[in-house]
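S.K.: Dropping in model.cif, which is mmCIF, C-alpha atoms and all ligand atoms:
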data_entry
loop_
_atom_site.group_PDB
_atom_site.id
_atom_site.type_symbol
_atom_site.label_atom_id
_atom_site.label_comp_id
_atom_site.auth_asym_id
_atom_site.auth_seq_id
_atom_site.Cartn_x
_atom_site.Cartn_y
_atom_site.Cartn_z
ATOM 1 C CA MET A 1 -14.107 8.428 5.305
ATOM 2 C CA SER A 2 -12.750 6.564 8.260
ATOM 3 C CA ASN A 3 -9.446 5.694 9.808
ATOM 4 C CA THR A 4 -8.306 2.131 9.530
ATOM 5 C CA ARG A 5 -5.690 -0.184 10.965
ATOM 6 C CA CYS A 6 -3.356 1.308 8.396
ATOM 7 C CA GLY A 7 -3.444 4.432 10.521
ATOM 8 C CA LYS A 8 -4.190 6.514 7.471
ATOM 9 C CA LYS A 9 -7.239 8.346 6.345
ATOM 10 C CA ARG A 10 -9.096 6.072 3.992
ATOM 11 C CA TYR A 11 -11.168 7.120 1.013
ATOM 12 C CA ASP A 12 -13.631 4.730 -0.535
ATOM 13 C CA ASP A 13 -12.699 5.380 -4.140
ATOM 14 C CA ARG A 14 -10.193 7.147 -6.331
ATOM 15 C CA GLU A 15 -12.462 10.052 -7.141
ATOM 16 C CA THR A 16 -13.075 10.911 -3.508
ATOM 17 C CA ALA A 17 -9.379 10.608 -2.750
ATOM 18 C CA GLU A 18 -8.425 12.869 -5.646
ATOM 19 C CA ILE A 19 -10.988 15.500 -4.717
ATOM 20 C CA ALA A 20 -9.564 15.485 -1.195
ATOM 21 C CA LEU A 21 -6.059 15.618 -2.649
ATOM 22 C CA GLY A 22 -6.869 18.713 -4.678
ATOM 23 C CA HIS A 23 -8.490 20.326 -1.673
ATOM 24 C CA ILE A 24 -5.508 19.672 0.572
ATOM 25 C CA ARG A 25 -3.026 20.876 -2.047
ATOM 26 C CA ARG A 26 -4.912 24.126 -2.412
ATOM 27 C CA ASN A 27 -5.472 24.757 1.271
ATOM 28 C CA SER A 28 -2.638 23.152 3.173
ATOM 29 C CA THR A 29 0.238 25.328 4.266
ATOM 30 C CA ARG A 30 2.345 22.334 5.136
ATOM 31 C CA LYS A 31 5.637 21.972 3.310
ATOM 32 C CA LYS A 32 5.094 18.332 2.550
ATOM 33 C CA LYS A 33 1.839 18.018 0.663
ATOM 34 C CA PRO A 34 0.358 14.833 -0.685
ATOM 35 C CA LYS A 35 1.125 14.333 -4.354
ATOM 36 C CA ARG A 36 -1.144 11.499 -5.323
ATOM 37 C CA ALA A 37 -3.743 9.001 -4.289
ATOM 38 C CA TYR A 38 -2.970 5.306 -4.269
ATOM 39 C CA LEU A 39 -4.896 2.107 -3.738
ATOM 40 C CA CYS A 40 -3.938 0.404 -0.494
ATOM 41 C CA HIS A 41 -3.534 -3.342 -0.708
ATOM 42 C CA LYS A 42 -4.006 -3.740 3.016
ATOM 43 C CA CYS A 43 -7.422 -2.175 3.447
ATOM 44 C CA GLY A 44 -8.600 -1.866 -0.152
ATOM 45 C CA GLY A 45 -9.187 1.846 0.302
ATOM 46 C CA TRP A 46 -7.442 4.883 -1.140
ATOM 47 C CA HIS A 47 -4.874 6.929 0.744
ATOM 48 C CA LEU A 48 -2.966 10.076 -0.088
ATOM 49 C CA THR A 49 0.795 10.135 -0.196
ATOM 50 C CA SER A 50 3.591 12.561 -0.858
ATOM 51 C CA MET A 51 5.678 9.783 -2.323
ATOM 52 C CA THR A 52 6.420 9.727 -6.020
ATOM 53 C CA GLN A 53 5.048 6.960 -8.220
ATOM 54 C CA SER A 54 8.458 5.258 -8.405
ATOM 55 C CA GLU A 55 8.745 5.306 -4.622
ATOM 56 C CA ILE A 56 5.312 3.703 -4.388
ATOM 57 C CA ASP A 57 6.294 1.100 -6.976
ATOM 58 C CA LYS A 58 9.404 0.280 -4.966
ATOM 59 C CA LEU A 59 7.318 -0.165 -1.840
ATOM 60 C CA ILE A 60 4.812 -2.384 -3.622
ATOM 61 C CA ASN A 61 7.624 -4.492 -5.062
ATOM 62 C CA LYS A 62 9.106 -4.863 -1.598
ATOM 63 C CA CYS A 63 5.740 -6.133 -0.330
ATOM 64 C CA LYS A 64 5.523 -8.595 -3.201
ATOM 65 C CA ASP A 65 9.048 -9.826 -2.498
ATOM 66 C CA SER A 66 8.389 -10.469 1.154
ATOM 67 C CA ARG A 67 5.144 -12.252 0.320
ATOM 68 C CA GLN A 68 6.883 -14.463 -2.195
ATOM 69 C CA LYS A 69 9.582 -15.273 0.353
ATOM 70 C CA ARG A 70 6.949 -16.227 2.901
ATOM 71 C CA ILE A 71 5.137 -18.457 0.399
ATOM 72 C CA ARG A 72 8.470 -20.032 -0.492
ATOM 73 C CA ARG A 73 9.260 -20.679 3.160
ATOM 74 C CA GLU A 74 5.875 -22.315 3.604
ATOM 75 C CA ALA A 75 6.388 -24.426 0.512
ATOM 76 C CA ASP A 76 9.834 -25.475 1.752
ATOM 77 C CA TYR A 77 8.346 -26.402 5.118
ATOM 78 C CA TRP A 78 5.799 -28.717 3.535
ATOM 79 C CA ILE A 79 8.299 -30.151 1.102
ATOM 80 C CA ASP A 80 10.552 -31.033 4.061
ATOM 81 C CA LYS A 81 7.680 -32.341 6.160
ATOM 82 C CA LEU A 82 6.236 -34.486 3.427
ATOM 83 C CA GLY A 83 9.607 -35.512 2.128
ATOM 84 C CA VAL A 84 8.720 -34.721 -1.425
ATOM 85 C CA ARG A 85 11.904 -32.860 -2.218
ATOM 86 C CA ASP A 86 13.714 -34.206 -5.269
HETATM 87 ZN ZN ZN B 1 -4.933 1.125 3.854
#
Output the file's structure in the form of structure tokens.

M.R.:
Amino acid sequence: MSNTRCGKKRYDDRETAEIALGHIRRNSTRKKKPKRAYLCHKCGGWHLTSMTQSEIDKLINKCKDSRQKRIRREADYWIDKLGVRD
């Protein structure tokens, strides 16, 4: 377990994350407790979150969108530069 650039506690695999999740849910007195573990696309590790699955899905879709836009921008740049636009 180590902290990463993500700024979140990182678990190496799902099992470890879920064991930690169960432990925190049993012992934490905080109002907002983590609900699930999810695989982080940034660091490849597992983090805990109090977000619901649909909230996570939304976030992941947002990431995908912005990546697609960036790829599109890059493609447009090269199309302009190389003059290969139809
Ligand atoms: Zn991460």

S.K.: Which neighbours of His47 (chain A) fall inside 9 Å, counting all atoms listed in the file, when residues of the same chain fewer than 5 positions from it are skipped, and could you give them as a PyMOL selection string?

M.R.: chain A and resi 8-11+14+17+36-40

S.K.: CA of Thr29 (chain A) and CA of Asp57 (chain A), how far apart in Å?

M.R.: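 Taking CA of Asp57 (chain A) as the start and CA of Thr29 (chain A) as the end point, the length is 27.4 Å.
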
S.K.: Find, counting only C-alpha atoms and all ligand atoms, the residue in A:Ser28, A:Gln68, A:Thr49, A:Thr16 that gets nearest to ligand ZN 1 (chain B).

M.R.: A:Thr49

S.K.: Determine the residue set returned by the PyMOL selection byres (((not hetatm)) within 6 of (chain B and resi 1)) for the present structure, and present it as a list in words.

M.R.: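 Expected selection for the PyMOL selection byres (((not hetatm)) within 6 of (chain B and resi 1)) here is Cys6, Cys40, Lys42, Cys43 and Gly45 of chain A.
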
S.K.: Out of A:Ser66, A:Asp13, A:Arg5, A:Ile79, which residue has the shortest atom-to-atom distance to Trp46 (chain A) when counting all atoms listed in the file?

M.R.: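 The answer is A:Asp13, which sits nearest to Trp46 (chain A).
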
S.K.: How many Å lie between CA of Asp12 (chain A) and CA of Lys35 (chain A), rounded to one decimal?

M.R.: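 Between CA of Asp12 (chain A) and CA of Lys35 (chain A) the gap works out to 18.0 Å.
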
S.K.: In terms of the shortest atom-to-atom distance over only C-alpha atoms, which of A:Lys62, A:Lys81, A:His41, A:Lys33 is closest to Leu21 (chain A)?

M.R.: A:Lys33

S.K.: Could you put an axis-aligned box around every listed atom of region 67-81 of chain A, padded by 5 Å on each side, and send me its centre and edge lengths in Å to one decimal, as lines of an AutoDock Vina configuration file?

M.R.:
center_x = 7.8
center_y = -22.3
center_z = 2.0
size_x = 15.4
size_y = 30.1
size_z = 18.4

S.K.: How many Å separate CA of Lys58 (chain A) from CA of Asp76 (chain A)?

M.R.: 26.6 Å

S.K.: Determine the nearest neighbour of Lys32 (chain A) from the options A:Glu15, A:Cys63, A:Ser50, A:Gly44, counting all atoms listed in the file.

M.R.: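 Checking each candidate against Lys32 (chain A), we get A:Ser50 as the closest.
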